[in-house]
file data.txt (compact mmCIF, C-alpha atoms and all ligand atoms)
# COMPACT_ATOMS: atom_id res chain seq x y z
CA MET A 1 147.81 96.73 202.00
CA PHE A 2 147.33 93.97 199.47
CA SER A 3 147.47 95.16 195.89
CA ARG A 4 147.01 93.77 192.41
CA ASP A 5 150.82 93.77 192.11
CA ASP A 6 151.12 91.49 195.14
CA LEU A 7 148.69 89.07 193.53
CA GLN A 8 150.64 89.21 190.29
CA GLN A 9 153.98 88.66 192.03
CA LEU A 10 152.65 85.67 193.93
CA ALA A 11 151.23 84.23 190.71
CA GLU A 12 154.62 84.57 189.05
CA TYR A 13 156.46 82.91 191.94
CA GLN A 14 158.89 80.23 190.76
CA GLY A 15 160.70 78.01 193.23
CA GLN A 16 162.49 74.69 193.32
CA HIS A 17 160.84 73.77 196.60
CA ALA A 18 157.26 73.55 197.82
CA ILE A 19 155.59 76.61 199.28
CA LEU A 20 153.07 76.58 202.12
CA SER A 21 150.08 78.88 201.63
CA LEU A 22 147.81 79.67 204.56
CA THR A 23 144.74 81.88 204.69
CA LEU A 24 142.84 82.42 207.91
CA ASN A 25 139.60 84.17 208.71
CA VAL A 26 140.31 86.35 211.75
CA ASP A 27 137.20 88.51 211.48
CA PRO A 28 136.33 89.43 215.08
CA THR A 29 132.64 89.57 214.19
CA ARG A 30 132.66 85.94 213.06
CA ARG A 31 134.90 84.13 215.54
CA THR A 32 136.58 84.45 218.88
CA LYS A 33 140.35 84.40 219.19
CA ASP A 34 140.22 80.88 220.64
CA GLU A 35 138.23 79.72 217.62
CA TYR A 36 140.90 81.07 215.27
CA ARG A 37 143.60 79.36 217.25
CA LEU A 38 141.75 76.07 217.04
CA ALA A 39 141.16 76.49 213.30
CA LEU A 40 144.81 77.38 212.85
CA ARG A 41 145.94 74.33 214.81
CA HIS A 42 143.78 72.05 212.64
CA LEU A 43 145.11 73.62 209.46
CA LEU A 44 148.76 73.34 210.50
CA HIS A 45 148.23 69.81 211.75
CA SER A 46 146.96 68.70 208.34
CA VAL A 47 150.29 69.56 206.67
CA GLN A 48 152.67 68.93 209.57
CA ASP A 49 154.16 65.71 208.19
CA ARG A 50 154.92 67.36 204.83
CA ALA A 51 155.69 70.97 205.73
CA ASN A 52 157.28 70.73 209.11
CA GLY A 53 159.63 73.71 208.89
CA ASP A 54 157.13 76.10 207.37
CA ALA A 55 154.35 75.05 209.74
CA ALA A 56 156.70 75.77 212.65
CA LEU A 57 157.56 79.21 211.22
CA ILE A 58 153.89 80.08 210.96
CA GLU A 59 153.23 78.85 214.48
CA ARG A 60 156.05 81.02 215.79
CA PHE A 61 154.66 84.02 213.89
CA PHE A 62 151.28 83.63 215.62
CA GLU A 63 152.91 83.21 219.01
CA SER A 64 155.25 86.18 218.88
CA GLU A 65 154.46 88.68 216.13
CA TYR A 66 150.86 88.65 215.06
CA ASP A 67 148.67 91.30 216.70
CA TRP A 68 145.30 89.83 215.54
CA SER A 69 144.50 93.01 213.65
CA GLY A 70 142.53 92.98 210.43
CA ARG A 71 139.79 90.57 209.39
CA GLY A 72 141.78 88.19 207.22
CA LEU A 73 145.32 86.93 206.96
CA ALA A 74 147.37 85.32 204.21
CA ILE A 75 150.83 83.81 204.72
CA PHE A 76 153.17 82.27 202.16
CA SER A 77 156.22 80.45 203.41
CA SER A 78 159.00 78.43 201.83
CA GLN A 79 161.88 78.12 204.23
CA LYS A 80 164.06 76.44 201.63
CA GLU A 81 163.49 79.28 199.15
CA ASN A 82 163.90 81.87 201.87
CA PHE A 83 160.44 83.13 200.96
CA TRP A 84 158.12 84.61 203.61
CA LYS A 85 155.17 86.94 203.03
CA VAL A 86 152.41 88.01 205.37
CA TYR A 87 149.39 90.02 204.28
CA SER A 88 146.96 91.40 206.80
CA LEU A 89 143.62 91.99 205.08
CA ALA A 90 140.86 94.44 205.89
CA VAL A 91 138.28 91.90 204.71
CA PRO A 92 137.53 88.34 205.89
CA ILE A 93 138.98 85.40 203.97
CA VAL A 94 138.20 81.68 203.98
CA ASP A 95 140.41 79.23 205.89
CA SER A 96 142.76 77.24 203.71
CA ILE A 97 146.14 75.59 203.83
CA VAL A 98 147.91 74.19 200.79
CA LEU A 99 151.40 72.89 200.23
CA GLY A 100 152.30 73.00 196.56
CA PRO A 101 154.81 74.04 193.94
CA LYS A 102 153.13 77.47 193.59
CA PRO A 103 151.39 79.81 196.03
CA TYR A 104 147.74 78.82 196.39
CA LEU A 105 145.96 81.98 195.29
CA THR A 106 142.29 81.04 194.89
CA PRO A 107 141.11 82.63 198.16
CA LEU A 108 143.00 85.86 197.51
CA ALA A 109 141.99 85.96 193.85
CA ASN A 110 138.41 85.44 194.97
CA LEU A 111 138.66 88.29 197.45
CA TRP A 112 140.20 90.48 194.83
CA ASP A 113 137.24 89.84 192.55
CA VAL A 114 134.80 90.77 195.26
CA TYR A 115 136.41 93.46 197.34
CA GLY A 116 139.20 94.36 194.97
CA ARG A 117 137.66 97.56 193.83
CA PHE A 118 134.48 99.34 194.68
CA VAL A 119 133.31 102.92 194.70
CA VAL A 120 130.90 104.43 197.20
CA GLY A 121 129.06 107.63 196.40
CA LEU A 122 127.26 109.64 199.08
CA ILE A 123 125.02 112.15 197.41
CA ASP A 124 122.82 115.03 198.47
CA LYS A 125 121.17 117.94 196.69
CA GLN A 126 124.19 120.16 196.86
CA GLY A 127 127.11 117.83 196.38
CA ALA A 128 128.61 114.44 196.88
CA ARG A 129 131.46 112.47 198.35
CA PHE A 130 133.05 109.50 196.62
CA ILE A 131 135.45 107.00 198.09
CA PHE A 132 137.34 104.24 196.37
CA VAL A 133 137.92 101.08 198.40
CA GLN A 134 140.47 98.44 197.50
CA MET A 135 140.57 95.15 199.42
CA GLY A 136 138.60 96.85 202.18
CA GLU A 137 140.90 99.84 202.51
CA VAL A 138 139.98 103.40 201.55
CA ILE A 139 142.50 104.42 198.88
CA ASP A 140 141.06 107.58 197.37
CA GLY A 141 138.37 110.10 198.14
CA GLU A 142 136.85 113.08 196.44
CA GLY A 143 134.23 115.64 197.35
CA ILE A 144 132.29 117.96 195.14
CA LEU A 145 130.24 120.88 196.28
CA GLY A 146 127.75 122.56 194.02
CA GLU A 147 125.75 125.70 194.45
CA GLU A 148 123.98 126.03 197.78
CA VAL A 149 120.40 124.82 197.83
CA ARG A 150 118.08 126.58 200.27
CA ARG A 151 115.30 124.50 201.72
CA VAL A 152 112.19 124.83 199.60
CA LYS A 153 110.22 121.76 200.53
CA SER A 154 106.93 122.22 202.30
CA GLY A 155 107.14 121.31 205.95
CA ALA A 156 109.56 122.44 208.59
CA GLY A 157 111.87 124.21 206.17
CA SER A 158 109.26 126.37 204.56
CA THR A 159 107.58 127.63 207.69
CA GLN A 160 110.55 129.80 208.58
CA THR A 161 109.01 132.67 206.69
CA GLY A 162 105.65 131.98 208.18
CA ARG A 163 103.84 131.49 204.89
CA ARG A 164 103.14 128.60 202.59
CA ARG A 165 105.20 128.34 199.47
CA ASN A 166 103.73 127.72 196.10
CA PRO A 167 105.92 125.24 194.16
CA ASP A 168 105.48 127.34 191.03
CA GLU A 169 106.93 130.41 192.61
CA PRO A 170 109.99 131.72 190.76
CA THR A 171 112.33 131.16 193.74
CA ASP A 172 111.35 127.47 193.84
CA ARG A 173 111.88 127.10 190.16
CA HIS A 174 115.29 128.65 190.64
CA GLN A 175 116.05 126.18 193.44
CA ASN A 176 114.98 123.26 191.31
CA GLU A 177 117.29 124.42 188.58
CA VAL A 178 120.13 124.63 191.07
CA ILE A 179 119.42 121.08 192.24
CA LYS A 180 119.24 119.85 188.68
CA ARG A 181 122.56 121.48 187.83
CA ASN A 182 124.19 120.08 190.94
CA MET A 183 122.96 116.59 190.15
CA LYS A 184 124.27 116.85 186.63
CA ASP A 185 127.68 117.86 187.97
CA THR A 186 127.54 115.08 190.55
CA THR A 187 126.69 112.45 187.95
CA GLN A 188 129.52 113.63 185.75
CA ALA A 189 131.99 113.62 188.65
CA LEU A 190 130.88 110.12 189.70
CA GLN A 191 131.29 108.94 186.13
CA GLN A 192 134.85 110.30 186.07
CA PHE A 193 135.66 108.85 189.48
CA CYS A 194 134.50 105.43 188.24
CA GLU A 195 136.49 105.74 185.03
CA LYS A 196 139.58 106.53 187.08
CA HIS A 197 139.22 103.54 189.40
CA THR A 198 137.27 100.99 187.32
CA PRO A 199 135.35 99.50 190.26
CA ARG A 200 133.67 96.12 190.11
CA TYR A 201 130.80 97.39 192.23
CA VAL A 202 129.28 100.80 192.92
CA VAL A 203 127.31 101.53 196.09
CA LEU A 204 125.29 104.71 196.40
CA GLY A 205 123.83 106.41 199.43
CA GLY A 206 122.29 109.57 200.77
CA ASN A 207 119.12 111.36 199.71
CA THR A 208 117.05 108.66 197.94
CA GLU A 209 115.43 110.98 195.47
CA VAL A 210 118.74 112.47 194.37
CA VAL A 211 120.44 109.06 194.33
CA ASN A 212 117.78 107.72 191.97
CA GLU A 213 118.20 110.74 189.75
CA VAL A 214 121.97 110.33 189.56
CA ARG A 215 121.60 106.60 188.99
CA ALA A 216 119.19 107.23 186.12
CA HIS A 217 121.79 109.34 184.34
CA LEU A 218 124.93 107.39 185.16
CA GLY A 219 126.46 105.85 182.05
CA GLN A 220 127.50 102.29 181.24
CA PRO A 221 129.08 100.15 182.49
CA TRP A 222 128.94 101.80 185.92
CA VAL A 223 125.18 101.94 186.24
CA GLU A 224 125.06 98.15 185.87
CA ARG A 225 127.56 97.82 188.68
CA VAL A 226 125.41 99.68 191.17
CA ILE A 227 124.49 96.90 193.60
CA GLY A 228 122.65 98.72 196.33
CA ALA A 229 122.16 101.70 198.50
CA ILE A 230 123.25 102.61 202.00
CA ALA A 231 121.96 105.11 204.47
CA GLY A 232 124.38 107.91 205.09
CA ASP A 233 125.31 111.50 205.00
CA VAL A 234 127.93 113.31 202.94
CA SER A 235 129.61 114.28 206.21
CA ASP A 236 130.00 110.68 207.54
CA SER A 237 133.57 109.48 207.98
CA ASP A 238 135.30 107.34 205.36
CA GLN A 239 135.37 104.36 207.75
CA VAL A 240 131.64 104.56 208.50
CA ILE A 241 130.82 104.77 204.80
CA ARG A 242 133.21 101.93 203.97
CA ASP A 243 131.79 99.59 206.63
CA ARG A 244 128.22 100.14 205.48
CA ALA A 245 129.19 99.62 201.85
CA LEU A 246 131.18 96.47 202.71
CA LYS A 247 128.01 94.88 204.07
CA VAL A 248 126.19 95.62 200.82
CA VAL A 249 129.08 94.24 198.78
CA GLU A 250 129.29 91.10 200.95
CA GLU A 251 125.56 90.48 200.56
CA ALA A 252 125.74 90.97 196.81
CA GLU A 253 128.65 88.58 196.56
CA LEU A 254 126.95 85.95 198.72
CA LYS A 255 123.87 86.23 196.55
CA ARG A 256 125.99 85.84 193.43
CA GLU A 257 127.79 82.76 194.80
CA PHE A 258 124.58 81.16 196.06
CA GLY A 259 123.00 81.82 192.67
CA LEU A 260 125.91 80.05 190.96
CA ALA A 261 125.81 77.12 193.39
CA GLU A 262 122.08 76.68 192.86
CA ALA A 263 122.42 76.96 189.10
CA ALA A 264 125.16 74.30 189.08
CA ILE A 265 123.24 71.92 191.34
CA THR A 266 120.05 72.33 189.30
CA ALA A 267 121.90 71.87 186.02
CA ALA A 268 123.52 68.69 187.35
CA ALA A 269 120.14 67.33 188.46
CA LYS A 270 118.77 67.97 184.97
CA ASN A 271 121.90 66.52 183.43
CA SER A 272 122.56 69.69 181.53
CA HIS A 273 125.79 71.68 181.83
CA GLY A 274 126.28 70.92 185.49
CA ALA A 275 128.10 68.46 187.72
CA THR A 276 128.16 67.76 191.43
CA ARG A 277 130.37 65.71 193.76
CA ILE A 278 134.07 65.38 193.41
CA ASP A 279 134.14 62.28 191.17
CA ARG A 280 131.92 63.78 188.47
CA VAL A 281 133.46 67.22 188.73
CA LEU A 282 136.91 65.65 188.32
CA THR A 283 135.81 63.88 185.15
CA ALA A 284 134.41 67.14 183.78
CA ALA A 285 137.57 69.04 184.75
CA HIS A 286 139.71 66.47 183.03
CA ALA A 287 137.67 66.95 179.85
CA GLY A 288 138.16 70.74 180.11
CA GLN A 289 134.43 71.30 180.59
CA VAL A 290 134.40 73.29 183.82
CA GLN A 291 133.56 76.96 183.45
CA THR A 292 132.86 77.74 187.10
CA LEU A 293 133.85 75.54 190.01
CA LEU A 294 132.06 76.04 193.31
CA VAL A 295 133.81 74.59 196.35
CA ALA A 296 132.18 74.46 199.77
CA GLU A 297 134.45 76.21 202.22
CA GLY A 298 136.64 73.74 204.07
CA TYR A 299 135.81 70.78 201.83
CA LYS A 300 138.66 68.33 201.39
CA SER A 301 138.88 64.95 199.72
CA GLU A 302 141.45 62.28 199.11
CA GLY A 303 141.89 60.89 195.61
CA TYR A 304 144.29 59.19 193.23
CA ARG A 305 146.67 60.73 190.73
CA CYS A 306 148.27 59.06 187.74
CA GLN A 307 152.00 59.36 188.28
CA GLN A 308 152.55 59.59 184.56
CA CYS A 309 149.97 62.01 183.10
CA GLY A 310 148.61 63.65 186.25
CA TYR A 311 145.02 62.44 185.78
CA VAL A 312 143.20 62.69 189.11
CA THR A 313 140.30 60.39 189.91
CA MET A 314 138.35 58.97 192.82
CA VAL A 315 138.05 55.50 191.26
CA PRO A 316 141.44 54.35 189.99
CA GLY A 317 141.54 51.18 187.96
CA ALA A 318 144.59 48.97 187.91
CA GLN A 319 146.17 51.49 185.57
CA CYS A 320 145.41 54.93 184.12
CA GLN A 321 142.75 54.79 181.42
CA PHE A 322 144.51 57.52 179.46
CA CYS A 323 148.16 56.53 179.54
CA GLY A 324 148.43 53.21 181.38
CA GLY A 325 150.41 54.80 184.23
CA ALA A 326 150.19 53.78 187.88
CA PHE A 327 148.13 55.69 190.46
CA GLU A 328 149.30 57.22 193.74
CA ARG A 329 147.05 58.24 196.58
CA ILE A 330 146.82 62.01 197.19
CA SER A 331 145.27 63.90 200.09
CA ASP A 332 144.25 66.95 198.10
CA ALA A 333 142.00 65.95 195.21
CA VAL A 334 140.05 69.20 195.62
CA GLU A 335 143.16 71.30 195.28
CA ALA A 336 144.14 69.33 192.17
CA THR A 337 140.71 70.05 190.71
CA ILE A 338 141.03 73.76 191.47
CA SER A 339 144.44 73.97 189.75
CA LYS A 340 143.11 72.10 186.75
CA VAL A 341 140.14 74.44 186.37
CA LEU A 342 142.28 77.57 186.79
CA GLU A 343 144.79 76.29 184.24
CA GLN A 344 141.98 75.91 181.74
CA GLY A 345 140.83 79.48 182.25
CA GLY A 346 137.85 78.54 184.39
CA ARG A 347 136.75 80.39 187.50
CA VAL A 348 136.79 79.09 191.05
CA ASP A 349 134.58 80.30 193.89
CA ILE A 350 134.91 79.14 197.47
CA VAL A 351 131.39 79.34 198.88
CA HIS A 352 130.66 79.96 202.54
CA GLY A 353 127.51 78.61 204.18
CA HIS A 354 125.48 77.08 201.34
CA THR A 355 123.75 74.03 202.84
CA ALA A 356 123.26 71.93 199.70
CA LEU A 357 126.78 72.65 198.47
CA ASN A 358 128.20 71.80 201.88
CA GLU A 359 126.66 68.33 201.53
CA LEU A 360 127.95 67.84 197.99
CA GLY A 361 131.40 69.32 198.52
CA VAL A 362 131.79 70.66 195.00
CA ALA A 363 129.61 71.62 192.06
CA ALA A 364 130.42 72.98 188.65
CA LEU A 365 128.84 74.84 185.79
CA LEU A 366 130.03 73.28 182.55
CA ARG A 367 130.89 74.85 179.23
CA TYR A 368 129.10 72.15 177.28
ZN ZN A 401 147.75 58.66 183.11

call {"tool": "encode", "arguments": {"input": "data.txt", "output": "structure tokens"}}
result
Amino acid sequence: MFSRDDLQQLAEYQGQHAILSLTLNVDPTRRTKDEYRLALRHLLHSVQDRANGDAALIERFFESEYDWSGRGLAIFSSQKENFWKVYSLAVPIVDSIVLGPKPYLTPLANLWDVYGRFVVGLIDKQGARFIFVQMGEVIDGEGILGEEVRRVKSGAGSTQTGRRRNPDEPTDRHQNEVIKRNMKDTTQALQQFCEKHTPRYVVLGGNTEVVNEVRAHLGQPWVERVIGAIAGDVSDSDQVIRDRALKVVEEAELKREFGLAEAAITAAAKNSHGATRIDRVLTAAHAGQVQTLLVAEGYKSEGYRCQQCGYVTMVPGAQCQFCGGAFERISDAVEATISKVLEQGGRVDIVHGHTALNELGVAALLRY
């Protein structure tokens, strides 16, 4: 299981030698095994001349150890530092390979933001079940059971006695009070469960009427984090509930990323707080303007880096315009941009499947 501590440890990694970071989407619903192998071969090939030993280690791992379980995989290898870490993930991840002084954490950090923590609540009139999911794995669960509610609705349930029920009858009023009490307890329990786990998203499911009632009384900030509803029953298994909720979370995240990509592209077109294409985004990043960087999945670009001050550009002059240093050609201008943005406290999102962004490569929302 991949935890926040793992992310922290990788972020704190210090080594004298370069480290190879690989992430691979192995989601069986998205690709066949042959497609992964091909993607893997392309990724390893792109670093072979620079990371020979580590690329070979990874190749060997896939040949002999890996069981193709999970939906995502992250590997960090530095043979010279004797550093080797493999994380099998319960959620899909983008493909990436980066050789650098530090582990390349954007894809994992991104995943953590999305799937890191969410709570699912299945609710009915009598009780509820909550699960807490971290990086796609069910970590905690809790059930609450209130007072039993006998069926009082008109229809099949009420014909048992052979007579029509009047909703104002005392027994019905009693039942409604029981339901009300149960919902109050459920809302309180959900509130506490959220406070314990601090989820980024909350997904609710079950009886629509009751769900709406609970939602109406759920406090901040959790009510704002409710992103959707799933069908389900309190008695469904954790895995079934998790899988349904994952779909809702994935959709919400895709919507969020697409919204950001569109906002950035529109802002760039209007020349207001937006930039597109690597050359302009690089200029903005160098000026510390980038708040959110959107990178089309798989986009790569060559560029030039000043050997003296580190300035990266697509159009090098004879010498660096900032320090007069000489430029060297680099194969990973996108990666350099990502590091720059992260260093400046900006956010980076790798976006999967956005047509306009795929054509542009990168887009950014600017601070000013
Ligand atoms: Zn320079």

call {"tool": "residues_near_ligand", "arguments": {"input": "data.txt", "ligand": "ligand ZN 401 (chain A)", "cutoff": "9 Å", "atoms": "all atoms listed in the file", "output": "list in words"}}
result
Arg305, Cys306, Gln307, Gln308, Cys309, Gly310, Tyr311, Val312, Gln319, Cys320, Gln321, Phe322, Cys323, Gly324, Gly325, Ala326 and Phe327 of chain A

call {"tool": "residues_near_point", "arguments": {"input": "data.txt", "point": "(121.5, 75.6, 188.4)", "cutoff": "10 Å", "atoms": "all atoms listed in the file", "output": "PDB file with C-alpha atoms, keeping the file's coordinate frame"}}
result
ATOM      1  CA  PHE A 258     124.580  81.160 196.060  1.00  0.00           C
ATOM      2  CA  GLY A 259     123.000  81.820 192.670  1.00  0.00           C
ATOM      3  CA  LEU A 260     125.910  80.050 190.960  1.00  0.00           C
ATOM      4  CA  ALA A 261     125.810  77.120 193.390  1.00  0.00           C
ATOM      5  CA  GLU A 262     122.080  76.680 192.860  1.00  0.00           C
ATOM      6  CA  ALA A 263     122.420  76.960 189.100  1.00  0.00           C
ATOM      7  CA  ALA A 264     125.160  74.300 189.080  1.00  0.00           C
ATOM      8  CA  ILE A 265     123.240  71.920 191.340  1.00  0.00           C
ATOM      9  CA  THR A 266     120.050  72.330 189.300  1.00  0.00           C
ATOM     10  CA  ALA A 267     121.900  71.870 186.020  1.00  0.00           C
ATOM     11  CA  ALA A 268     123.520  68.690 187.350  1.00  0.00           C
ATOM     12  CA  ALA A 269     120.140  67.330 188.460  1.00  0.00           C
ATOM     13  CA  LYS A 270     118.770  67.970 184.970  1.00  0.00           C
ATOM     14  CA  SER A 272     122.560  69.690 181.530  1.00  0.00           C
ATOM     15  CA  HIS A 273     125.790  71.680 181.830  1.00  0.00           C
ATOM     16  CA  GLY A 274     126.280  70.920 185.490  1.00  0.00           C
ATOM     17  CA  ALA A 275     128.100  68.460 187.720  1.00  0.00           C
ATOM     18  CA  ALA A 363     129.610  71.620 192.060  1.00  0.00           C
ATOM     19  CA  ALA A 364     130.420  72.980 188.650  1.00  0.00           C
ATOM     20  CA  LEU A 365     128.840  74.840 185.790  1.00  0.00           C
TER      21      LEU A 365
END

call {"tool": "atom_distance", "arguments": {"input": "data.txt", "atom1": "CA of Asp95 in chain A", "atom2": "CA of Ile75 in chain A"}}
result
11.4 Å

call {"tool": "atom_distance", "arguments": {"input": "data.txt", "atom1": "CA of Thr186 in chain A", "atom2": "CA of Leu218 in chain A"}}
result
9.7 Å

call {"tool": "residues_near_point", "arguments": {"input": "data.txt", "point": "(139.5, 89.2, 209.7)", "cutoff": "12 Å", "atoms": "all atoms listed in the file", "output": "PyMOL selection string"}}
result
chain A and resi 23-33+36+67-74+87-95+135-136

call {"tool": "closest_residue", "arguments": {"input": "data.txt", "among": "A:Gln126, A:Thr208, A:Ser339, A:Gln14", "to": "Gly228 in chain A", "atoms": "all atoms listed in the file"}}
result
A:Thr208

call {"tool": "closest_residue", "arguments": {"input": "data.txt", "among": "A:Glu213, A:Leu293, A:Glu302, A:Tyr104", "to": "Lys125 in chain A", "atoms": "all atoms listed in the file"}}
result
A:Glu213

call {"tool": "closest_residue", "arguments": {"input": "data.txt", "among": "A:Val138, A:Ala39, A:Leu357, A:Leu111", "to": "Glu297 in chain A", "atoms": "all atoms listed in the file"}}
result
A:Leu357

call {"tool": "atom_distance", "arguments": {"input": "data.txt", "atom1": "CA of Gly141 in chain A", "atom2": "CA of Asp238 in chain A"}}
result
8.3 Å

call {"tool": "closest_residue", "arguments": {"input": "data.txt", "among": "A:Leu204, A:Val119, A:Val351, A:Ala285", "to": "Gly232 in chain A", "atoms": "all atoms listed in the file"}}
result
A:Leu204

call {"tool": "closest_residue", "arguments": {"input": "data.txt", "among": "A:Ala231, A:Ala287, A:Ile58, A:Leu10", "to": "Asp124 in chain A", "atoms": "all atoms listed in the file"}}
result
A:Ala231

call {"tool": "closest_residue", "arguments": {"input": "data.txt", "among": "A:Asp233, A:Glu359, A:Glu253, A:Asp5", "to": "Tyr299 in chain A", "atoms": "only C-alpha atoms"}}
result
A:Glu359

call {"tool": "decode", "arguments": {"input": "data.txt", "residues": "range 263-286 of chain A", "atoms": "C-alpha atoms", "output": "PDB file, in the first residue's frame"}}
result
ATOM      1  CA  ALA A 263      -9.774  27.656 -18.494  1.00  0.00           C
ATOM      2  CA  ALA A 264      -6.043  27.867 -19.249  1.00  0.00           C
ATOM      3  CA  ILE A 265      -6.509  27.598 -23.015  1.00  0.00           C
ATOM      4  CA  THR A 266      -9.280  30.215 -22.997  1.00  0.00           C
ATOM      5  CA  ALA A 267      -7.263  32.553 -20.793  1.00  0.00           C
ATOM      6  CA  ALA A 268      -4.269  32.222 -23.121  1.00  0.00           C
ATOM      7  CA  ALA A 269      -6.443  32.984 -26.162  1.00  0.00           C
ATOM      8  CA  LYS A 270      -7.711  36.126 -24.429  1.00  0.00           C
ATOM      9  CA  ASN A 271      -4.209  36.981 -23.324  1.00  0.00           C
ATOM     10  CA  SER A 272      -5.240  37.048 -19.715  1.00  0.00           C
ATOM     11  CA  HIS A 273      -3.621  34.878 -17.036  1.00  0.00           C
ATOM     12  CA  GLY A 274      -3.046  31.941 -19.323  1.00  0.00           C
ATOM     13  CA  ALA A 275      -0.327  30.479 -21.522  1.00  0.00           C
ATOM     14  CA  THR A 276      -0.138  27.613 -23.984  1.00  0.00           C
ATOM     15  CA  ARG A 277       2.673  25.764 -25.771  1.00  0.00           C
ATOM     16  CA  ILE A 278       5.979  24.962 -24.227  1.00  0.00           C
ATOM     17  CA  ASP A 279       7.860  28.125 -25.270  1.00  0.00           C
ATOM     18  CA  ARG A 280       5.358  30.519 -23.697  1.00  0.00           C
ATOM     19  CA  VAL A 281       4.780  28.353 -20.660  1.00  0.00           C
ATOM     20  CA  LEU A 282       8.543  28.202 -20.104  1.00  0.00           C
ATOM     21  CA  THR A 283       8.783  31.982 -20.186  1.00  0.00           C
ATOM     22  CA  ALA A 284       5.934  32.248 -17.681  1.00  0.00           C
ATOM     23  CA  ALA A 285       7.491  29.577 -15.450  1.00  0.00           C
ATOM     24  CA  HIS A 286      10.783  31.387 -15.494  1.00  0.00           C
TER      25      HIS A 286
END
